[in-house]
Each structure stands twice: as C-alpha cells, then as structure tokens.
file final.pdb (PDB, C-alpha atoms, pLDDT in the B column)
ATOM      1  CA  GLN A 118      -4.720  -2.869  20.357  1.00 77.00           C
ATOM      2  CA  VAL A 119      -5.290  -0.830  17.186  1.00 86.00           C
ATOM      3  CA  ALA A 120      -8.572   0.913  16.395  1.00 87.00           C
ATOM      4  CA  ALA A 121      -8.567   0.200  12.662  1.00 94.00           C
ATOM      5  CA  VAL A 122      -6.681  -1.791  10.056  1.00 96.00           C
ATOM      6  CA  LEU A 123      -6.637  -1.136   6.307  1.00 97.00           C
ATOM      7  CA  THR A 124      -5.559  -3.991   4.090  1.00 97.00           C
ATOM      8  CA  ALA A 125      -5.893  -4.839   0.418  1.00 97.00           C
ATOM      9  CA  ARG A 126      -5.152  -7.876  -1.724  1.00 97.00           C
ATOM     10  CA  VAL A 127      -2.017  -8.260  -3.820  1.00 97.00           C
ATOM     11  CA  LEU A 128      -3.246  -8.780  -7.382  1.00 97.00           C
ATOM     12  CA  GLN A 129       0.006  -9.271  -9.237  1.00 97.00           C
ATOM     13  CA  LEU A 130       3.726  -9.762  -8.663  1.00 97.00           C
ATOM     14  CA  ARG A 131       6.108  -8.730 -11.393  1.00 97.00           C
ATOM     15  CA  ARG A 132       9.876  -8.610 -11.679  1.00 98.00           C
ATOM     16  CA  ILE A 133      11.358  -5.506 -13.249  1.00 98.00           C
ATOM     17  CA  ASP A 134      14.914  -4.679 -14.244  1.00 98.00           C
ATOM     18  CA  ARG A 135      17.086  -1.826 -13.042  1.00 98.00           C
ATOM     19  CA  GLY A 136      15.998   1.382 -14.751  1.00 98.00           C
ATOM     20  CA  GLU A 137      12.435   0.285 -15.488  1.00 98.00           C
ATOM     21  CA  SER A 138       9.646   2.587 -14.362  1.00 97.00           C
ATOM     22  CA  VAL A 139       6.425   1.997 -12.448  1.00 96.00           C
ATOM     23  CA  GLY A 140       3.145   3.905 -12.558  1.00 92.00           C
ATOM     24  CA  TYR A 141       1.749   6.907 -14.339  1.00 94.00           C
ATOM     25  CA  GLY A 142       4.346   9.472 -15.298  1.00 95.00           C
ATOM     26  CA  ALA A 143       7.183   7.018 -14.563  1.00 96.00           C
ATOM     27  CA  THR A 144       7.773   8.693 -11.187  1.00 97.00           C
ATOM     28  CA  PHE A 145       9.591   5.610  -9.882  1.00 97.00           C
ATOM     29  CA  ARG A 146      12.596   4.038 -11.599  1.00 98.00           C
ATOM     30  CA  ALA A 147      14.088   0.890 -10.125  1.00 98.00           C
ATOM     31  CA  LYS A 148      17.655   1.267  -8.891  1.00 98.00           C
ATOM     32  CA  ARG A 149      18.049  -2.522  -8.905  1.00 98.00           C
ATOM     33  CA  PRO A 150      16.174  -5.564 -10.206  1.00 98.00           C
ATOM     34  CA  SER A 151      12.970  -5.467  -8.167  1.00 98.00           C
ATOM     35  CA  VAL A 152       9.766  -7.310  -7.386  1.00 98.00           C
ATOM     36  CA  ILE A 153       6.712  -5.078  -7.700  1.00 98.00           C
ATOM     37  CA  ALA A 154       3.419  -5.977  -6.029  1.00 98.00           C
ATOM     38  CA  THR A 155       0.282  -4.429  -7.531  1.00 98.00           C
ATOM     39  CA  VAL A 156      -2.383  -3.961  -4.853  1.00 98.00           C
ATOM     40  CA  ALA A 157      -6.151  -3.508  -5.210  1.00 97.00           C
ATOM     41  CA  LEU A 158      -6.380  -0.127  -3.491  1.00 98.00           C
ATOM     42  CA  GLY A 159      -6.310   3.395  -4.890  1.00 98.00           C
ATOM     43  CA  TYR A 160      -7.502   6.939  -4.450  1.00 98.00           C
ATOM     44  CA  ALA A 161     -11.102   5.936  -5.247  1.00 98.00           C
ATOM     45  CA  ASP A 162     -10.870   3.852  -2.061  1.00 98.00           C
ATOM     46  CA  GLY A 163      -9.738   6.888  -0.099  1.00 96.00           C
ATOM     47  CA  VAL A 164      -5.984   6.325  -0.210  1.00 97.00           C
ATOM     48  CA  MET A 165      -4.271   9.684  -0.322  1.00 97.00           C
ATOM     49  CA  ARG A 166      -2.443  10.276  -3.595  1.00 97.00           C
ATOM     50  CA  ALA A 167       0.323  11.940  -1.580  1.00 97.00           C
ATOM     51  CA  ILE A 168       1.658   8.546  -0.422  1.00 98.00           C
ATOM     52  CA  GLY A 169       2.960   7.774  -3.907  1.00 97.00           C
ATOM     53  CA  ASN A 170       6.732   7.265  -3.574  1.00 98.00           C
ATOM     54  CA  ARG A 171       6.439   8.271   0.126  1.00 97.00           C
ATOM     55  CA  GLY A 172       4.236   5.818   1.983  1.00 98.00           C
ATOM     56  CA  VAL A 173       4.877   2.350   3.347  1.00 98.00           C
ATOM     57  CA  ALA A 174       2.916  -0.840   3.706  1.00 98.00           C
ATOM     58  CA  SER A 175       3.499  -4.199   5.320  1.00 98.00           C
ATOM     59  CA  LEU A 176       3.673  -7.375   3.242  1.00 97.00           C
ATOM     60  CA  ALA A 177       4.038 -10.640   5.130  1.00 95.00           C
ATOM     61  CA  GLY A 178       5.223  -8.585   8.120  1.00 95.00           C
ATOM     62  CA  VAL A 179       7.923  -6.791   6.105  1.00 97.00           C
ATOM     63  CA  ARG A 180       7.778  -3.012   5.679  1.00 98.00           C
ATOM     64  CA  VAL A 181       7.875  -2.093   1.997  1.00 98.00           C
ATOM     65  CA  PRO A 182       7.716   1.265   0.201  1.00 98.00           C
ATOM     66  CA  VAL A 183       4.869   2.489  -1.973  1.00 98.00           C
ATOM     67  CA  VAL A 184       6.430   3.102  -5.395  1.00 98.00           C
ATOM     68  CA  GLY A 185       5.005   5.093  -8.261  1.00 98.00           C
ATOM     69  CA  ARG A 186       1.824   7.114  -8.206  1.00 98.00           C
ATOM     70  CA  VAL A 187      -1.362   5.996  -6.517  1.00 98.00           C
ATOM     71  CA  SER A 188      -3.909   5.450  -9.279  1.00 98.00           C
ATOM     72  CA  MET A 189      -7.685   5.306  -9.029  1.00 98.00           C
ATOM     73  CA  ASP A 190      -7.962   1.596  -8.226  1.00 98.00           C
ATOM     74  CA  LEU A 191      -4.386   0.378  -7.769  1.00 98.00           C
ATOM     75  CA  LEU A 192      -1.052   1.135  -6.208  1.00 98.00           C
ATOM     76  CA  THR A 193       2.311  -0.573  -6.300  1.00 98.00           C
ATOM     77  CA  LEU A 194       4.786  -1.675  -3.666  1.00 98.00           C
ATOM     78  CA  ASP A 195       8.466  -2.602  -3.899  1.00 98.00           C
ATOM     79  CA  ALA A 196       8.331  -6.144  -2.499  1.00 98.00           C
ATOM     80  CA  THR A 197      11.962  -6.980  -3.255  1.00 98.00           C
ATOM     81  CA  GLU A 198      12.891  -7.384   0.431  1.00 97.00           C
ATOM     82  CA  VAL A 199      10.029  -9.789   1.192  1.00 97.00           C
ATOM     83  CA  PRO A 200      11.231 -13.417   1.254  1.00 96.00           C
ATOM     84  CA  PRO A 201      10.063 -15.101  -1.979  1.00 93.00           C
ATOM     85  CA  ALA A 202       8.396 -17.930  -0.034  1.00 93.00           C
ATOM     86  CA  ALA A 203       6.132 -15.353   1.675  1.00 94.00           C
ATOM     87  CA  LEU A 204       5.065 -13.628  -1.549  1.00 94.00           C
ATOM     88  CA  SER A 205       1.933 -14.590  -3.435  1.00 92.00           C
ATOM     89  CA  THR A 206      -1.281 -13.093  -4.730  1.00 89.00           C
ATOM     90  CA  ASP A 207      -3.045 -14.701  -1.757  1.00 89.00           C
ATOM     91  CA  ILE A 208      -1.701 -12.162   0.741  1.00 95.00           C
ATOM     92  CA  ASP A 209      -2.877  -8.750   1.848  1.00 97.00           C
ATOM     93  CA  ALA A 210      -0.835  -5.593   2.200  1.00 98.00           C
ATOM     94  CA  GLU A 211      -1.457  -3.556   5.341  1.00 98.00           C
ATOM     95  CA  PHE A 212      -1.482   0.234   5.022  1.00 98.00           C
ATOM     96  CA  PHE A 213      -2.231   0.987   8.654  1.00 97.00           C
ATOM     97  CA  GLY A 214      -2.939  -1.199  11.632  1.00 96.00           C
ATOM     98  CA  ASP A 215      -0.812  -3.746  13.472  1.00 95.00           C
ATOM     99  CA  HIS A 216       2.443  -3.134  11.548  1.00 97.00           C
ATOM    100  CA  ILE A 217       2.049   0.423  10.252  1.00 97.00           C
ATOM    101  CA  PRO A 218       0.869   2.940  12.864  1.00 96.00           C
ATOM    102  CA  LEU A 219      -1.978   5.198  11.730  1.00 96.00           C
ATOM    103  CA  GLU A 220       0.099   8.248  12.658  1.00 96.00           C
ATOM    104  CA  GLU A 221       2.899   7.118  10.348  1.00 97.00           C
ATOM    105  CA  ALA A 222       0.445   6.667   7.482  1.00 97.00           C
ATOM    106  CA  ALA A 223      -0.848  10.183   8.139  1.00 97.00           C
ATOM    107  CA  ARG A 224       2.663  11.678   8.138  1.00 97.00           C
ATOM    108  CA  ALA A 225       3.411  10.071   4.765  1.00 97.00           C
ATOM    109  CA  ALA A 226       0.277  11.731   3.363  1.00 97.00           C
ATOM    110  CA  ASP A 227       1.054  15.029   5.118  1.00 97.00           C
ATOM    111  CA  THR A 228      -2.275  14.963   6.933  1.00 97.00           C
ATOM    112  CA  ALA A 229      -3.905  14.045  10.240  1.00 97.00           C
ATOM    113  CA  SER A 230      -4.756  10.515  11.345  1.00 96.00           C
ATOM    114  CA  TYR A 231      -8.484  11.249  11.507  1.00 96.00           C
ATOM    115  CA  GLU A 232      -8.416  12.292   7.827  1.00 97.00           C
ATOM    116  CA  ILE A 233      -6.817   8.954   6.913  1.00 97.00           C
ATOM    117  CA  LEU A 234      -9.667   7.154   8.705  1.00 96.00           C
ATOM    118  CA  THR A 235     -12.514   9.292   7.391  1.00 96.00           C
ATOM    119  CA  ALA A 236     -11.193   9.203   3.812  1.00 97.00           C
ATOM    120  CA  VAL A 237     -11.669   5.440   3.510  1.00 97.00           C
ATOM    121  CA  ALA A 238     -14.410   5.175   0.895  1.00 97.00           C
ATOM    122  CA  PRO A 239     -17.713   3.313   1.324  1.00 96.00           C
ATOM    123  CA  ARG A 240     -16.670   0.788  -1.344  1.00 96.00           C
ATOM    124  CA  VAL A 241     -13.986  -0.582   1.030  1.00 97.00           C
ATOM    125  CA  PRO A 242     -15.516  -3.529   2.925  1.00 94.00           C
ATOM    126  CA  ARG A 243     -15.708  -3.136   6.702  1.00 93.00           C
ATOM    127  CA  HIS A 244     -15.356  -5.941   9.211  1.00 91.00           C
ATOM    128  CA  TYR A 245     -16.142  -5.179  12.853  1.00 89.00           C
ATOM    129  CA  ARG A 246     -14.750  -7.080  15.832  1.00 83.00           C
ATOM    130  CA  GLY A 247     -15.842  -7.118  19.444  1.00 77.00           C
ATOM    131  CA  ALA A 248     -19.145  -6.684  21.199  1.00 61.00           C
ATOM    132  CA  ALA A 249     -22.033  -5.018  19.423  1.00 64.00           C
ATOM    133  CA  ALA A 250     -22.994  -1.594  20.750  1.00 56.00           C
TER     134      ALA A 250
END
call {"tool": "encode", "arguments": {"input": "final.pdb", "output": "structure tokens"}}
result
Amino acid sequence: QVAAVLTARVLQLRRIDRGESVGYGATFRAKRPSVIATVALGYADGVMRAIGNRGVASLAGVRVPVVGRVSMDLLTLDATEVPPAALSTDIDAEFFGDHIPLEEAARAADTASYEILTAVAPRVPRHYRGAAA
C-alpha cells in the first residue's frame, strides 16, 4: 500500500523525428523517431525541475523517461515504448505511487522523499481514501 500517488493528465501526443528537440533550451534530442506525451504538470505544481531528462513516470503501466526540461505548467515524456493502443489523451501519467516508488522519484530529483511530498503545490487536487480521522 502506498501513502500517496501523484498523477497528471496527458494533454497531447506528438510524433517527432530523429534529431528533433523537446522543451526549453532543446536539452533533449530524439535518437530515434519518438512519441512525446505532454503532461499537465510542472514546477508550479511542485514538480522538481531537476527531474528534467532524469526522472521517470508510468504511462499505461509502462515506465517512460521524462525528456526535456520541466516547465512551469507542463513536462514531456518519451512514450515511444508504450503500446499505441494504450496511448491516448484520456490517460494519466504517474510520477510516484503504485508504479514509481516515492524514493525513486526523490533520487531522480536529488532530494528526500518528504520534500517530494511537501513540494506538491496547493493547486494540485487532492483525493483522500480510507476512513476519516
């Protein structure tokens, strides 16, 4: 049982060619034709900018890398390895929770797990499960 899960909606899927860049400063260049998923989550939501080109997420149960820089409201994932039938803008990407351990998310950001949890901004909706205290 995990204590917390952070997910965000995929807003857009786009195919890019080998050599094309993603994100501010073109810090990611595709080494192959790729499918890029743009996700509605950024540093204004409390996502650490350090996970750009270092972090991972889970899309349809498949681990995928964060590519490019984390921007204020968006980040991008390389969804090339996700089966096409599982990809759509109706799915959420998980950044920690059932598929991505909180400790792994913290390592990618070079921080502690409690900082990952406490950094999640108030604008991120919360949903609580279980008995009320």
call {"tool": "closest_residue", "arguments": {"input": "final.pdb", "among": "A:Val173, A:Ile133, A:Val237, A:Ala229", "to": "A:Lys148", "atoms": "only C-alpha atoms"}}
result
A:Ile133
call {"tool": "closest_residue", "arguments": {"input": "final.pdb", "among": "A:Gly247, A:Gly136, A:Pro201, A:Gly142", "to": "A:Val179", "atoms": "only C-alpha atoms"}}
result
A:Pro201
call {"tool": "closest_atom_pairs", "arguments": {"input": "final.pdb", "of": "stretch 132-229 of chain A", "to": "stretch 119-123 of chain A", "cutoff": "12 Å", "atoms": "only C-alpha atoms", "output": "tab-separated table"}}
result
residue	atom	partner	partner_atom	distance
A:Ala157	CA	A:Leu123	CA	11.8
A:Leu158	CA	A:Leu123	CA	9.9
A:Asp162	CA	A:Leu123	CA	10.6
A:Gly163	CA	A:Leu123	CA	10.7
A:Val164	CA	A:Leu123	CA	9.9
A:Ala174	CA	A:Leu123	CA	9.9
A:Ser175	CA	A:Leu123	CA	10.6
A:Asp209	CA	A:Leu123	CA	9.6
A:Ala210	CA	A:Leu123	CA	8.4
A:Glu211	CA	A:Leu123	CA	5.8
A:Phe212	CA	A:Leu123	CA	5.5
A:Phe213	CA	A:Leu123	CA	5.4
A:Gly214	CA	A:Val122	CA	4.1
A:Asp215	CA	A:Val119	CA	6.5
A:His216	CA	A:Val122	CA	9.3
A:Ile217	CA	A:Val122	CA	9.0
A:Pro218	CA	A:Val119	CA	8.4
A:Leu219	CA	A:Ala121	CA	8.3
A:Glu220	CA	A:Val119	CA	11.5
A:Ala222	CA	A:Leu123	CA	10.6
call {"tool": "atom_distance", "arguments": {"input": "final.pdb", "atom1": "atom CA of A:Thr235", "atom2": "atom CA of A:Leu128"}}
result
25.1 Å
call {"tool": "atom_distance", "arguments": {"input": "final.pdb", "atom1": "atom CA of A:Arg126", "atom2": "atom CA of A:Ser138"}}
result
22.1 Å
call {"tool": "closest_residue", "arguments": {"input": "final.pdb", "among": "A:Asp227, A:Glu221, A:Asp207, A:Glu232", "to": "A:Ala154", "atoms": "all atoms listed in the file"}}
result
A:Asp207
call {"tool": "residues_around", "arguments": {"input": "final.pdb", "residues": "A:Tyr141", "least_positions_apart": "3", "cutoff": "8 Å", "atoms": "all atoms listed in the file", "output": "list of chain:residue names"}}
result
A:Thr144, A:Gly185, A:Arg186, A:Ser188
call {"tool": "write_last_selection", "arguments": {"input": "final.pdb", "atoms": "C-alpha atoms", "output": "mmCIF file, in the frame of the given file"}}
result
data_model
loop_
_atom_site.group_PDB
_atom_site.id
_atom_site.type_symbol
_atom_site.label_atom_id
_atom_site.label_comp_id
_atom_site.auth_asym_id
_atom_site.auth_seq_id
_atom_site.Cartn_x
_atom_site.Cartn_y
_atom_site.Cartn_z
ATOM 1 C CA THR A 144 7.773 8.693 -11.187
ATOM 2 C CA GLY A 185 5.005 5.093 -8.261
ATOM 3 C CA ARG A 186 1.824 7.114 -8.206
ATOM 4 C CA SER A 188 -3.909 5.450 -9.279
#
call {"tool": "closest_residue", "arguments": {"input": "final.pdb", "among": "A:Glu198, A:Val127, A:Met165, A:Thr155", "to": "A:Val184", "atoms": "only C-alpha atoms"}}
result
A:Thr155
call {"tool": "build_atoms", "arguments": {"input": "final.pdb", "residues": "stretch 139-160 of chain A", "atoms": "N, CA, C and O atoms", "output": "short mmCIF file (atom, residue, chain, number, x, y, z; two decimals), in the frame of the given file"}}
result
data_model
loop_
_atom_site.label_atom_id
_atom_site.label_comp_id
_atom_site.auth_asym_id
_atom_site.auth_seq_id
_atom_site.Cartn_x
_atom_site.Cartn_y
_atom_site.Cartn_z
N VAL A 139 7.68 2.51 -12.98
CA VAL A 139 6.42 2.00 -12.45
C VAL A 139 5.45 3.16 -12.34
O VAL A 139 5.81 4.23 -11.84
N GLY A 140 4.22 2.95 -12.78
CA GLY A 140 3.14 3.90 -12.56
C GLY A 140 3.07 5.02 -13.57
O GLY A 140 3.96 5.21 -14.41
N TYR A 141 1.98 5.76 -13.46
CA TYR A 141 1.75 6.91 -14.34
C TYR A 141 2.87 7.92 -14.19
O TYR A 141 3.30 8.23 -13.08
N GLY A 142 3.31 8.44 -15.32
CA GLY A 142 4.35 9.47 -15.30
C GLY A 142 5.73 8.95 -14.99
O GLY A 142 6.67 9.74 -14.87
N ALA A 143 5.87 7.64 -14.83
CA ALA A 143 7.18 7.02 -14.56
C ALA A 143 7.90 7.72 -13.41
O ALA A 143 9.08 8.02 -13.49
N THR A 144 7.17 7.97 -12.32
CA THR A 144 7.77 8.69 -11.19
C THR A 144 8.69 7.82 -10.34
O THR A 144 9.39 8.32 -9.48
N PHE A 145 8.67 6.51 -10.58
CA PHE A 145 9.59 5.61 -9.88
C PHE A 145 10.39 4.85 -10.92
O PHE A 145 9.82 4.27 -11.85
N ARG A 146 11.70 4.85 -10.77
CA ARG A 146 12.60 4.04 -11.60
C ARG A 146 13.40 3.14 -10.67
O ARG A 146 14.01 3.62 -9.72
N ALA A 147 13.39 1.86 -10.97
CA ALA A 147 14.09 0.89 -10.12
C ALA A 147 15.60 1.11 -10.18
O ALA A 147 16.18 1.25 -11.25
N LYS A 148 16.20 1.13 -9.00
CA LYS A 148 17.66 1.27 -8.89
C LYS A 148 18.35 -0.09 -8.90
O LYS A 148 19.58 -0.16 -8.87
N ARG A 149 17.54 -1.15 -8.91
CA ARG A 149 18.05 -2.52 -8.90
C ARG A 149 16.95 -3.41 -9.48
O ARG A 149 15.80 -3.00 -9.57
N PRO A 150 17.26 -4.65 -9.84
CA PRO A 150 16.17 -5.56 -10.21
C PRO A 150 15.23 -5.67 -9.01
O PRO A 150 15.68 -5.79 -7.86
N SER A 151 13.94 -5.58 -9.26
CA SER A 151 12.97 -5.47 -8.17
C SER A 151 11.75 -6.34 -8.41
O SER A 151 11.45 -6.70 -9.55
N VAL A 152 11.05 -6.63 -7.32
CA VAL A 152 9.77 -7.31 -7.39
C VAL A 152 8.72 -6.27 -7.02
O VAL A 152 8.77 -5.68 -5.94
N ILE A 153 7.76 -6.07 -7.91
CA ILE A 153 6.71 -5.08 -7.70
C ILE A 153 5.40 -5.80 -7.46
O ILE A 153 5.00 -6.66 -8.24
N ALA A 154 4.73 -5.42 -6.37
CA ALA A 154 3.42 -5.98 -6.03
C ALA A 154 2.36 -4.93 -6.37
O ALA A 154 2.42 -3.80 -5.88
N THR A 155 1.41 -5.30 -7.21
CA THR A 155 0.28 -4.43 -7.53
C THR A 155 -0.85 -4.78 -6.58
O THR A 155 -1.22 -5.95 -6.45
N VAL A 156 -1.40 -3.77 -5.92
CA VAL A 156 -2.38 -3.96 -4.85
C VAL A 156 -3.70 -3.31 -5.25
O VAL A 156 -3.73 -2.22 -5.84
N ALA A 157 -4.80 -3.97 -4.88
CA ALA A 157 -6.15 -3.51 -5.21
C ALA A 157 -6.62 -2.43 -4.25
O ALA A 157 -7.51 -2.64 -3.42
N LEU A 158 -6.00 -1.25 -4.34
CA LEU A 158 -6.38 -0.13 -3.49
C LEU A 158 -5.88 1.13 -4.18
O LEU A 158 -4.75 1.16 -4.67
N GLY A 159 -6.72 2.17 -4.23
CA GLY A 159 -6.31 3.40 -4.89
C GLY A 159 -7.03 4.60 -4.31
O GLY A 159 -7.71 4.51 -3.29
N TYR A 160 -6.91 5.73 -5.00
CA TYR A 160 -7.50 6.94 -4.45
C TYR A 160 -9.02 6.90 -4.46
O TYR A 160 -9.66 7.57 -3.66
#
